[in-house]
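**Student:** Coordinates in query-v5.pdb, PDB, C-alpha atoms, are listed below.
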```pdb
ATOM      1  CA  MET A 243      72.508  82.397 122.628
ATOM      2  CA  ASN A 244      75.815  80.537 122.505
ATOM      3  CA  ILE A 245      77.550  81.395 119.241
ATOM      4  CA  THR A 246      80.836  79.835 118.144
ATOM      5  CA  VAL A 247      83.045  81.006 115.287
ATOM      6  CA  LEU A 248      85.631  78.575 113.923
ATOM      7  CA  ASP A 249      88.849  79.267 111.995
ATOM      8  CA  ASP A 250      89.118  83.031 112.476
ATOM      9  CA  TYR A 251      92.817  82.652 111.672
ATOM     10  CA  GLN A 252      93.228  86.371 110.969
ATOM     11  CA  ASN A 253      91.572  87.304 114.260
ATOM     12  CA  ALA A 254      89.319  89.632 112.276
ATOM     13  CA  VAL A 255      85.742  88.699 113.192
ATOM     14  CA  ARG A 256      85.471  91.118 116.133
ATOM     15  CA  SER A 257      86.526  93.992 113.852
ATOM     16  CA  LEU A 258      83.702  93.395 111.335
ATOM     17  CA  ASP A 259      80.603  95.613 111.335
ATOM     18  CA  ALA A 260      78.422  92.480 111.355
ATOM     19  CA  TYR A 261      79.908  91.418 114.694
ATOM     20  CA  LYS A 262      77.953  94.219 116.396
ATOM     21  CA  LEU A 263      74.773  92.264 115.630
ATOM     22  CA  VAL A 264      75.845  89.361 117.843
ATOM     23  CA  ALA A 265      78.189  91.048 120.337
ATOM     24  CA  ASN A 266      75.591  90.960 123.128
ATOM     25  CA  HIS A 267      75.385  87.149 122.889
ATOM     26  CA  ASN A 268      77.824  84.634 124.340
ATOM     27  CA  VAL A 269      80.317  84.515 121.451
ATOM     28  CA  THR A 270      83.364  82.217 121.424
ATOM     29  CA  ILE A 271      85.894  82.626 118.628
ATOM     30  CA  PHE A 272      88.632  80.134 117.787
ATOM     31  CA  ASN A 273      91.657  81.428 115.876
ATOM     32  CA  ASP A 274      93.369  78.069 115.423
ATOM     33  CA  HIS A 275      92.293  75.218 113.146
ATOM     34  CA  THR A 276      91.534  71.602 113.918
ATOM     35  CA  LYS A 277      89.734  68.792 112.125
ATOM     36  CA  ASN A 278      89.908  66.523 115.165
ATOM     37  CA  GLU A 279      86.289  65.571 115.850
ATOM     38  CA  ASP A 280      86.873  64.948 119.564
ATOM     39  CA  VAL A 281      88.361  68.415 119.990
ATOM     40  CA  LEU A 282      85.568  69.980 117.935
ATOM     41  CA  ALA A 283      82.886  68.095 119.882
ATOM     42  CA  GLU A 284      84.278  69.471 123.133
ATOM     43  CA  ARG A 285      84.571  73.004 121.781
ATOM     44  CA  LEU A 286      81.069  72.992 120.303
ATOM     45  CA  LYS A 287      79.130  71.004 122.912
ATOM     46  CA  ASP A 288      77.172  74.072 124.124
ATOM     47  CA  THR A 289      77.006  75.821 120.755
ATOM     48  CA  GLU A 290      73.573  76.853 119.507
ATOM     49  CA  ALA A 291      74.712  78.823 116.441
ATOM     50  CA  LEU A 292      77.883  77.906 114.585
ATOM     51  CA  VAL A 293      79.605  80.334 112.223
ATOM     52  CA  LEU A 294      81.940  78.792 109.651
ATOM     53  CA  ILE A 295      84.581  80.613 107.654
ATOM     54  CA  ARG A 296      84.522  79.094 104.168
ATOM     55  CA  GLU A 297      85.207  75.351 103.864
ATOM     56  CA  SER A 298      87.910  75.123 106.524
ATOM     57  CA  THR A 299      86.319  72.620 108.913
ATOM     58  CA  PRO A 300      84.278  69.552 107.856
ATOM     59  CA  ILE A 301      80.958  69.273 109.677
ATOM     60  CA  ARG A 302      79.939  65.638 109.199
ATOM     61  CA  ALA A 303      77.320  63.352 110.748
ATOM     62  CA  PRO A 304      79.507  61.933 113.576
ATOM     63  CA  LEU A 305      80.328  65.455 114.797
ATOM     64  CA  ILE A 306      76.752  66.685 114.354
ATOM     65  CA  ALA A 307      75.541  63.799 116.522
ATOM     66  CA  CYS A 308      77.706  65.143 119.365
ATOM     67  CA  LEU A 309      76.159  68.620 119.282
ATOM     68  CA  PRO A 310      72.735  68.375 120.975
ATOM     69  CA  LYS A 311      72.248  72.140 121.339
ATOM     70  CA  LEU A 312      73.119  73.115 117.761
ATOM     71  CA  LYS A 313      70.241  74.887 115.967
ATOM     72  CA  LEU A 314      71.908  76.875 113.190
ATOM     73  CA  ILE A 315      75.014  76.922 110.984
ATOM     74  CA  SER A 316      75.769  80.177 109.211
ATOM     75  CA  GLN A 317      78.417  80.638 106.558
ATOM     76  CA  ARG A 318      79.114  82.087 103.106
ATOM     77  CA  SER A 319      79.355  80.433  99.697
ATOM     78  CA  VAL A 320      79.468  76.719  98.841
ATOM     79  CA  TYR A 321      79.206  73.982 101.484
ATOM     80  CA  PRO A 322      80.721  70.678 100.315
ATOM     81  CA  HIS A 323      82.200  70.346 103.821
ATOM     82  CA  VAL A 324      78.788  70.238 105.523
ATOM     83  CA  ASP A 325      76.647  67.097 105.776
ATOM     84  CA  VAL A 326      73.301  68.652 104.857
ATOM     85  CA  PRO A 327      71.225  65.432 105.176
ATOM     86  CA  ALA A 328      72.574  64.925 108.718
ATOM     87  CA  LEU A 329      71.639  68.507 109.604
ATOM     88  CA  THR A 330      68.186  68.078 108.078
ATOM     89  CA  GLU A 331      67.609  64.881 110.060
ATOM     90  CA  ARG A 332      68.362  66.772 113.264
ATOM     91  CA  GLY A 333      66.321  69.854 112.284
ATOM     92  CA  ILE A 334      69.412  72.092 112.168
ATOM     93  CA  LEU A 335      69.198  75.026 109.789
ATOM     94  CA  LEU A 336      72.036  75.772 107.345
ATOM     95  CA  CYS A 337      72.166  79.359 106.064
ATOM     96  CA  SER A 338      74.689  80.188 103.350
ATOM     97  CA  ASP A 339      74.787  83.311 101.184
ATOM     98  CA  MET A 340      75.594  82.013  97.700
ATOM     99  CA  HIS A 341      75.777  85.626  96.365
ATOM    100  CA  PRO A 342      74.617  84.671  92.845
ATOM    101  CA  GLY A 343      75.685  87.092  90.146
ATOM    102  CA  ARG A 344      77.834  89.118  92.511
ATOM    103  CA  PRO A 345      81.424  89.494  91.279
ATOM    104  CA  SER A 346      84.191  88.226  93.540
ATOM    105  CA  TYR A 347      86.368  91.322  93.549
ATOM    106  CA  ALA A 348      88.662  90.320  96.422
ATOM    107  CA  THR A 349      89.630  86.994  94.828
ATOM    108  CA  SER A 350      89.987  88.634  91.415
ATOM    109  CA  GLU A 351      92.336  91.276  92.824
ATOM    110  CA  LEU A 352      94.488  88.616  94.464
ATOM    111  CA  THR A 353      94.517  86.676  91.192
ATOM    112  CA  TRP A 354      95.688  89.742  89.298
ATOM    113  CA  GLY A 355      98.330  90.394  91.927
ATOM    114  CA  LEU A 356      99.692  86.891  91.333
ATOM    115  CA  VAL A 357      99.670  87.441  87.554
ATOM    116  CA  LEU A 358     101.689  90.643  87.902
ATOM    117  CA  ALA A 359     104.039  89.105  90.442
ATOM    118  CA  ALA A 360     104.737  86.112  88.189
ATOM    119  CA  MET A 361     105.183  88.018  84.940
ATOM    120  CA  ARG A 362     107.217  90.872  86.402
ATOM    121  CA  LYS A 363     109.031  88.562  88.852
ATOM    122  CA  ILE A 364     108.238  90.848  91.752
ATOM    123  CA  PRO A 365     109.033  88.379  94.592
ATOM    124  CA  GLN A 366     112.447  87.630  93.080
ATOM    125  CA  GLU A 367     113.219  91.326  92.605
ATOM    126  CA  VAL A 368     112.157  92.184  96.165
ATOM    127  CA  ALA A 369     114.459  89.442  97.486
ATOM    128  CA  ALA A 370     117.287  90.674  95.258
ATOM    129  CA  LEU A 371     116.803  94.266  96.369
ATOM    130  CA  LYS A 372     116.927  93.217 100.024
ATOM    131  CA  ALA A 373     120.200  91.439  99.239
ATOM    132  CA  GLY A 374     121.627  94.601  97.652
ATOM    133  CA  ARG A 375     121.137  93.659  93.980
ATOM    134  CA  TRP A 376     119.168  95.707  91.472
ATOM    135  CA  GLN A 377     117.226  94.272  88.525
ATOM    136  CA  SER A 378     118.443  90.700  88.685
ATOM    137  CA  THR A 379     115.829  89.277  86.283
ATOM    138  CA  MET A 380     114.012  90.201  83.090
ATOM    139  CA  GLY A 381     110.298  90.721  83.626
ATOM    140  CA  VAL A 382     107.745  90.125  80.882
ATOM    141  CA  GLY A 383     105.208  92.795  79.899
ATOM    142  CA  LEU A 384     101.501  91.980  79.646
ATOM    143  CA  ARG A 385     100.402  94.232  76.788
ATOM    144  CA  SER A 386      99.431  92.248  73.655
ATOM    145  CA  LYS A 387      99.831  88.913  75.459
ATOM    146  CA  VAL A 388      96.905  86.459  75.526
ATOM    147  CA  LEU A 389      95.166  86.078  78.886
ATOM    148  CA  GLY A 390      93.460  82.700  79.191
ATOM    149  CA  ILE A 391      90.291  82.650  81.288
ATOM    150  CA  TYR A 392      89.139  79.107  82.099
ATOM    151  CA  GLY A 393      85.533  79.456  83.192
ATOM    152  CA  TYR A 394      83.964  82.875  82.696
ATOM    153  CA  GLY A 395      82.149  83.231  86.022
ATOM    154  CA  ARG A 396      82.154  85.587  88.993
ATOM    155  CA  ILE A 397      85.975  85.614  89.154
ATOM    156  CA  GLY A 398      86.900  85.031  85.523
ATOM    157  CA  ALA A 399      84.795  87.909  84.223
ATOM    158  CA  VAL A 400      86.451  90.406  86.562
ATOM    159  CA  VAL A 401      89.970  89.115  85.806
ATOM    160  CA  ALA A 402      89.209  89.386  82.083
ATOM    161  CA  GLY A 403      88.405  93.062  82.627
ATOM    162  CA  TYR A 404      91.747  93.572  84.368
ATOM    163  CA  GLY A 405      93.529  91.904  81.456
ATOM    164  CA  LYS A 406      91.733  94.131  78.957
ATOM    165  CA  ALA A 407      92.722  97.221  80.974
ATOM    166  CA  PHE A 408      96.360  96.095  80.701
ATOM    167  CA  GLY A 409      96.062  95.775  76.930
ATOM    168  CA  MET A 410      95.892  91.986  76.837
ATOM    169  CA  LYS A 411      93.885  89.848  74.427
ATOM    170  CA  VAL A 412      91.400  87.754  76.382
ATOM    171  CA  LEU A 413      90.681  84.162  75.352
ATOM    172  CA  VAL A 414      87.982  82.159  77.142
ATOM    173  CA  TRP A 415      87.298  78.457  77.565
ATOM    174  CA  GLY A 416      84.655  76.816  79.720
ATOM    175  CA  ARG A 417      81.068  75.610  79.607
ATOM    176  CA  GLU A 418      78.395  76.870  77.235
ATOM    177  CA  GLY A 419      77.232  79.476  79.747
ATOM    178  CA  SER A 420      80.783  80.825  79.964
ATOM    179  CA  PHE A 421      80.934  81.132  76.183
ATOM    180  CA  GLU A 422      77.681  83.068  76.032
ATOM    181  CA  ARG A 423      78.656  85.513  78.765
ATOM    182  CA  ALA A 424      82.156  86.031  77.350
ATOM    183  CA  LYS A 425      80.835  86.645  73.826
ATOM    184  CA  ALA A 426      78.327  89.150  75.184
ATOM    185  CA  ASP A 427      81.222  91.010  76.830
ATOM    186  CA  GLY A 428      83.210  91.005  73.585
ATOM    187  CA  TYR A 429      85.865  88.377  74.377
ATOM    188  CA  ALA A 430      87.231  85.677  72.081
ATOM    189  CA  ILE A 431      86.298  82.013  72.547
ATOM    190  CA  ALA A 432      88.893  79.291  71.989
ATOM    191  CA  ARG A 433      88.001  76.708  69.315
ATOM    192  CA  SER A 434      89.051  73.870  71.621
ATOM    193  CA  ARG A 435      90.592  73.268  75.015
ATOM    194  CA  THR A 436      93.838  72.261  73.290
ATOM    195  CA  ARG A 437      93.999  75.531  71.377
ATOM    196  CA  PHE A 438      93.125  77.420  74.549
ATOM    197  CA  SER A 439      96.079  75.846  76.389
ATOM    198  CA  ARG A 440      98.392  76.398  73.446
ATOM    199  CA  ASN A 441      97.487  80.062  72.815
ATOM    200  CA  ALA A 442      97.033  81.485  76.332
ATOM    201  CA  THR A 443     100.039  83.129  77.977
TER     202      THR A 443
END
```
What does this structure look like when you write it as structure tokens?
**Tutor:**
Amino acid sequence: MNITVLDDYQNAVRSLDAYKLVANHNVTIFNDHTKNEDVLAERLKDTEALVLIRESTPIRAPLIACLPKLKLISQRSVYPHVDVPALTERGILLCSDMHPGRPSYATSELTWGLVLAAMRKIPQEVAALKAGRWQSTMGVGLRSKVLGIYGYGRIGAVVAGYGKAFGMKVLVWGREGSFERAKADGYAIARSRTRFSRNAT
């Protein structure tokens, strides 16, 4: 089977355990990114199974029409970049693990890293230290501050837990489902979106 992987910009696919499952097939991996349909049509003309990394490359009807051998698209999470009706018309299967209910720990950790970096001004202090200066800014502590979580879903719920661990007060705004889940976990609900924006740190 001819398998093509697009947008492996970290050159990491071959190092994944899952790669062993397809390693004995004819696998082509592209590390660069292009949205040029002519380039993609040439790259994918013999592809039978296409592996997408998130929503990087749009797969629309004009491109699909140029891929006579394509039988399967495999990816993870949402697929607004894929023309599902065009695939269905051609009998091409789209498989996407939506991982319902599974927390997104990696994204939550990156989010918390950004929170810490912003509040403690870590990038500025690293730059200052490299330039020979020590403590050039005043960082802000997190304890007792209000952490605003907009949408208490797979990411928001985990980030709320990080905030609680740092001694923050967690305030949630979102849809009704978010309110119910947040209340069940013991977090405060904002009375309005305006109050949420005004009170969150």
**Student:** For Ala360 of chain A, find every residue with an atom within 10 Å (counting all atoms listed in the file), except residues of its own chain fewer than 5 positions away, and show them as a PyMOL selection string.
**Tutor:** chain A and resi 354-355+365-366+381-382
**Student:** Could you spell out the hits of the PyMOL selection byres ((chain A and resi 319-325) around 8) on the shown file, as a ChimeraX atom specification?
**Tutor:** /A:296-303,317-318,326-329,338-341
**Student:** How would the residues just chosen look if you wrote them out with C-alpha atoms as a short mmCIF file (atom, residue, chain, number, x, y, z; two decimals), in the coordinates of the input?
**Tutor:**
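Contents of the output file again_1.cif:
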```
data_model
loop_
_atom_site.label_atom_id
_atom_site.label_comp_id
_atom_site.auth_asym_id
_atom_site.auth_seq_id
_atom_site.Cartn_x
_atom_site.Cartn_y
_atom_site.Cartn_z
CA ARG A 296 84.52 79.09 104.17
CA GLU A 297 85.21 75.35 103.86
CA SER A 298 87.91 75.12 106.52
CA THR A 299 86.32 72.62 108.91
CA PRO A 300 84.28 69.55 107.86
CA ILE A 301 80.96 69.27 109.68
CA ARG A 302 79.94 65.64 109.20
CA ALA A 303 77.32 63.35 110.75
CA GLN A 317 78.42 80.64 106.56
CA ARG A 318 79.11 82.09 103.11
CA VAL A 326 73.30 68.65 104.86
CA PRO A 327 71.22 65.43 105.18
CA ALA A 328 72.57 64.92 108.72
CA LEU A 329 71.64 68.51 109.60
CA SER A 338 74.69 80.19 103.35
CA ASP A 339 74.79 83.31 101.18
CA MET A 340 75.59 82.01 97.70
CA HIS A 341 75.78 85.63 96.36
#
```
**Student:** I need the output of the PyMOL selection byres ((chain A and resi 293) around 12) for this file as a PyMOL selection string; which residues are they?
**Tutor:** chain A and resi 244-250+255+261+264+269-272+286+289-292+294-299+301+312-318+335-338
**Student:** Run through the PyMOL selection byres ((chain A and resi 398) around 10) on the given coordinates and return the selected residues as a PyMOL selection string.
**Tutor:** chain A and resi 345-346+349-350+353+390-397+399-404+414+420+424
**Student:** As a PyMOL selection string, please: the residues near Arg362 of chain A (cut-off 10 Å, all atoms listed in the file, same-chain neighbours under 4 positions excluded).
**Tutor:** chain A and resi 356-358+366-367+379-384
**Student:** Edge lengths and centre in Å to one decimal, as lines of an AutoDock Vina configuration file, is what I'm after for the box along x, y and z that holds all listed atoms of segment 362-371 of chain A once 8 Å is added on each side.
**Tutor:**
```
center_x = 112.3
center_y = 90.9
center_z = 91.9
size_x = 26.1
size_y = 22.6
size_z = 27.1
```
**Student:** Take the point (98.0, 76.5, 77.8) in the file's coordinates, draw a sphere of radius 12 Å around it, and report as a ChimeraX atom specification every protein, DNA or RNA residue with an atom inside or on it, counting only C-alpha atoms.
**Tutor:** /A:388-392,413-415,432,434-443
**Student:** Could those selected residues go to a file with C-alpha atoms, as a CSV table (one decimal), in the frame of the given file?
**Tutor:**
```csv
chain,number,residue,atom,x,y,z
A,388,VAL,CA,96.9,86.5,75.5
A,389,LEU,CA,95.2,86.1,78.9
A,390,GLY,CA,93.5,82.7,79.2
A,391,ILE,CA,90.3,82.6,81.3
A,392,TYR,CA,89.1,79.1,82.1
A,413,LEU,CA,90.7,84.2,75.4
A,414,VAL,CA,88.0,82.2,77.1
A,415,TRP,CA,87.3,78.5,77.6
A,432,ALA,CA,88.9,79.3,72.0
A,434,SER,CA,89.1,73.9,71.6
A,435,ARG,CA,90.6,73.3,75.0
A,436,THR,CA,93.8,72.3,73.3
A,437,ARG,CA,94.0,75.5,71.4
A,438,PHE,CA,93.1,77.4,74.5
A,439,SER,CA,96.1,75.8,76.4
A,440,ARG,CA,98.4,76.4,73.4
A,441,ASN,CA,97.5,80.1,72.8
A,442,ALA,CA,97.0,81.5,76.3
A,443,THR,CA,100.0,83.1,78.0
```
**Student:** Quote the spacing between atom CA of Val281 of chain A and atom CA of Ala307 of chain A in Å to one decimal place.
**Tutor:**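 One can read the atom CA of Val281 of chain A to atom CA of Ala307 of chain A distance as 14.1 Å.
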**Student:** Quick one: segment 310-344 of chain A with N, CA and C atoms, as a PDB file, in the frame of the given file?
**Tutor:**
```pdb
ATOM      1  N   PRO A 310      74.181  68.402 120.705  1.00  0.00           N
ATOM      2  CA  PRO A 310      72.735  68.375 120.975  1.00  0.00           C
ATOM      3  C   PRO A 310      72.068  69.748 120.990  1.00  0.00           C
ATOM      4  N   LYS A 311      72.845  70.806 121.228  1.00  0.00           N
ATOM      5  CA  LYS A 311      72.248  72.140 121.339  1.00  0.00           C
ATOM      6  C   LYS A 311      72.274  72.927 120.029  1.00  0.00           C
ATOM      7  N   LEU A 312      72.951  72.381 119.019  1.00  0.00           N
ATOM      8  CA  LEU A 312      73.119  73.115 117.761  1.00  0.00           C
ATOM      9  C   LEU A 312      71.787  73.294 117.037  1.00  0.00           C
ATOM     10  N   LYS A 313      71.483  74.561 116.665  1.00  0.00           N
ATOM     11  CA  LYS A 313      70.241  74.887 115.967  1.00  0.00           C
ATOM     12  C   LYS A 313      70.481  75.496 114.594  1.00  0.00           C
ATOM     13  N   LEU A 314      71.669  76.103 114.407  1.00  0.00           N
ATOM     14  CA  LEU A 314      71.908  76.875 113.190  1.00  0.00           C
ATOM     15  C   LEU A 314      73.387  76.854 112.819  1.00  0.00           C
ATOM     16  N   ILE A 315      73.665  76.705 111.516  1.00  0.00           N
ATOM     17  CA  ILE A 315      75.014  76.922 110.984  1.00  0.00           C
ATOM     18  C   ILE A 315      74.915  78.041 109.972  1.00  0.00           C
ATOM     19  N   SER A 316      75.753  79.044 110.124  1.00  0.00           N
ATOM     20  CA  SER A 316      75.769  80.177 109.211  1.00  0.00           C
ATOM     21  C   SER A 316      77.139  80.282 108.563  1.00  0.00           C
ATOM     22  N   GLN A 317      77.148  80.498 107.254  1.00  0.00           N
ATOM     23  CA  GLN A 317      78.417  80.638 106.558  1.00  0.00           C
ATOM     24  C   GLN A 317      78.177  81.346 105.231  1.00  0.00           C
ATOM     25  N   ARG A 318      79.207  81.422 104.397  1.00  0.00           N
ATOM     26  CA  ARG A 318      79.114  82.087 103.106  1.00  0.00           C
ATOM     27  C   ARG A 318      79.628  81.153 102.021  1.00  0.00           C
ATOM     28  N   SER A 319      78.954  81.153 100.901  1.00  0.00           N
ATOM     29  CA  SER A 319      79.355  80.433  99.697  1.00  0.00           C
ATOM     30  C   SER A 319      79.041  78.937  99.773  1.00  0.00           C
ATOM     31  N   VAL A 320      79.779  78.138  99.007  1.00  0.00           N
ATOM     32  CA  VAL A 320      79.468  76.719  98.841  1.00  0.00           C
ATOM     33  C   VAL A 320      79.721  75.935 100.131  1.00  0.00           C
ATOM     34  N   TYR A 321      79.109  74.742 100.226  1.00  0.00           N
ATOM     35  CA  TYR A 321      79.206  73.982 101.484  1.00  0.00           C
ATOM     36  C   TYR A 321      79.409  72.490 101.255  1.00  0.00           C
ATOM     37  N   PRO A 322      80.443  72.114 100.479  1.00  0.00           N
ATOM     38  CA  PRO A 322      80.721  70.678 100.315  1.00  0.00           C
ATOM     39  C   PRO A 322      81.240  70.025 101.589  1.00  0.00           C
ATOM     40  N   HIS A 323      81.642  70.832 102.562  1.00  0.00           N
ATOM     41  CA  HIS A 323      82.200  70.346 103.821  1.00  0.00           C
ATOM     42  C   HIS A 323      81.135  70.082 104.879  1.00  0.00           C
ATOM     43  N   VAL A 324      79.879  70.379 104.555  1.00  0.00           N
ATOM     44  CA  VAL A 324      78.788  70.238 105.523  1.00  0.00           C
ATOM     45  C   VAL A 324      77.860  69.103 105.095  1.00  0.00           C
ATOM     46  N   ASP A 325      77.558  68.216 106.028  1.00  0.00           N
ATOM     47  CA  ASP A 325      76.647  67.097 105.776  1.00  0.00           C
ATOM     48  C   ASP A 325      75.209  67.596 105.931  1.00  0.00           C
ATOM     49  N   VAL A 326      74.643  68.061 104.826  1.00  0.00           N
ATOM     50  CA  VAL A 326      73.301  68.652 104.857  1.00  0.00           C
ATOM     51  C   VAL A 326      72.226  67.637 105.258  1.00  0.00           C
ATOM     52  N   PRO A 327      72.241  66.403 104.730  1.00  0.00           N
ATOM     53  CA  PRO A 327      71.225  65.432 105.176  1.00  0.00           C
ATOM     54  C   PRO A 327      71.266  65.183 106.694  1.00  0.00           C
ATOM     55  N   ALA A 328      72.464  65.140 107.263  1.00  0.00           N
ATOM     56  CA  ALA A 328      72.574  64.925 108.718  1.00  0.00           C
ATOM     57  C   ALA A 328      72.002  66.114 109.483  1.00  0.00           C
ATOM     58  N   LEU A 329      72.228  67.320 108.974  1.00  0.00           N
ATOM     59  CA  LEU A 329      71.639  68.507 109.604  1.00  0.00           C
ATOM     60  C   LEU A 329      70.116  68.464 109.498  1.00  0.00           C
ATOM     61  N   THR A 330      69.631  68.126 108.319  1.00  0.00           N
ATOM     62  CA  THR A 330      68.186  68.078 108.078  1.00  0.00           C
ATOM     63  C   THR A 330      67.512  67.067 109.008  1.00  0.00           C
ATOM     64  N   GLU A 331      68.157  65.920 109.176  1.00  0.00           N
ATOM     65  CA  GLU A 331      67.609  64.881 110.060  1.00  0.00           C
ATOM     66  C   GLU A 331      67.472  65.373 111.490  1.00  0.00           C
ATOM     67  N   ARG A 332      68.384  66.234 111.894  1.00  0.00           N
ATOM     68  CA  ARG A 332      68.362  66.772 113.264  1.00  0.00           C
ATOM     69  C   ARG A 332      67.578  68.076 113.376  1.00  0.00           C
ATOM     70  N   GLY A 333      67.078  68.601 112.255  1.00  0.00           N
ATOM     71  CA  GLY A 333      66.321  69.854 112.284  1.00  0.00           C
ATOM     72  C   GLY A 333      67.204  71.069 112.470  1.00  0.00           C
ATOM     73  N   ILE A 334      68.468  70.980 112.052  1.00  0.00           N
ATOM     74  CA  ILE A 334      69.412  72.092 112.168  1.00  0.00           C
ATOM     75  C   ILE A 334      69.410  72.872 110.856  1.00  0.00           C
ATOM     76  N   LEU A 335      69.285  74.162 110.962  1.00  0.00           N
ATOM     77  CA  LEU A 335      69.198  75.026 109.789  1.00  0.00           C
ATOM     78  C   LEU A 335      70.586  75.411 109.286  1.00  0.00           C
ATOM     79  N   LEU A 336      70.799  75.305 107.969  1.00  0.00           N
ATOM     80  CA  LEU A 336      72.036  75.772 107.345  1.00  0.00           C
ATOM     81  C   LEU A 336      71.707  77.000 106.514  1.00  0.00           C
ATOM     82  N   CYS A 337      72.355  78.122 106.819  1.00  0.00           N
ATOM     83  CA  CYS A 337      72.166  79.359 106.064  1.00  0.00           C
ATOM     84  C   CYS A 337      73.489  79.724 105.410  1.00  0.00           C
ATOM     85  N   SER A 338      73.470  79.865 104.073  1.00  0.00           N
ATOM     86  CA  SER A 338      74.689  80.188 103.350  1.00  0.00           C
ATOM     87  C   SER A 338      74.367  81.151 102.211  1.00  0.00           C
ATOM     88  N   ASP A 339      74.986  82.319 102.239  1.00  0.00           N
ATOM     89  CA  ASP A 339      74.787  83.311 101.184  1.00  0.00           C
ATOM     90  C   ASP A 339      75.595  82.889  99.963  1.00  0.00           C
ATOM     91  N   MET A 340      74.922  82.470  98.913  1.00  0.00           N
ATOM     92  CA  MET A 340      75.594  82.013  97.700  1.00  0.00           C
ATOM     93  C   MET A 340      75.938  83.175  96.768  1.00  0.00           C
ATOM     94  N   HIS A 341      75.513  84.395  97.129  1.00  0.00           N
ATOM     95  CA  HIS A 341      75.777  85.626  96.365  1.00  0.00           C
ATOM     96  C   HIS A 341      75.771  85.425  94.855  1.00  0.00           C
ATOM     97  N   PRO A 342      74.663  84.907  94.299  1.00  0.00           N
ATOM     98  CA  PRO A 342      74.617  84.671  92.845  1.00  0.00           C
ATOM     99  C   PRO A 342      74.723  85.968  92.052  1.00  0.00           C
ATOM    100  N   GLY A 343      75.535  85.934  91.015  1.00  0.00           N
ATOM    101  CA  GLY A 343      75.685  87.092  90.146  1.00  0.00           C
ATOM    102  C   GLY A 343      76.564  88.194  90.691  1.00  0.00           C
ATOM    103  N   ARG A 344      77.003  88.071  91.926  1.00  0.00           N
ATOM    104  CA  ARG A 344      77.834  89.118  92.511  1.00  0.00           C
ATOM    105  C   ARG A 344      79.306  88.826  92.233  1.00  0.00           C
TER     106      ARG A 344
END
```
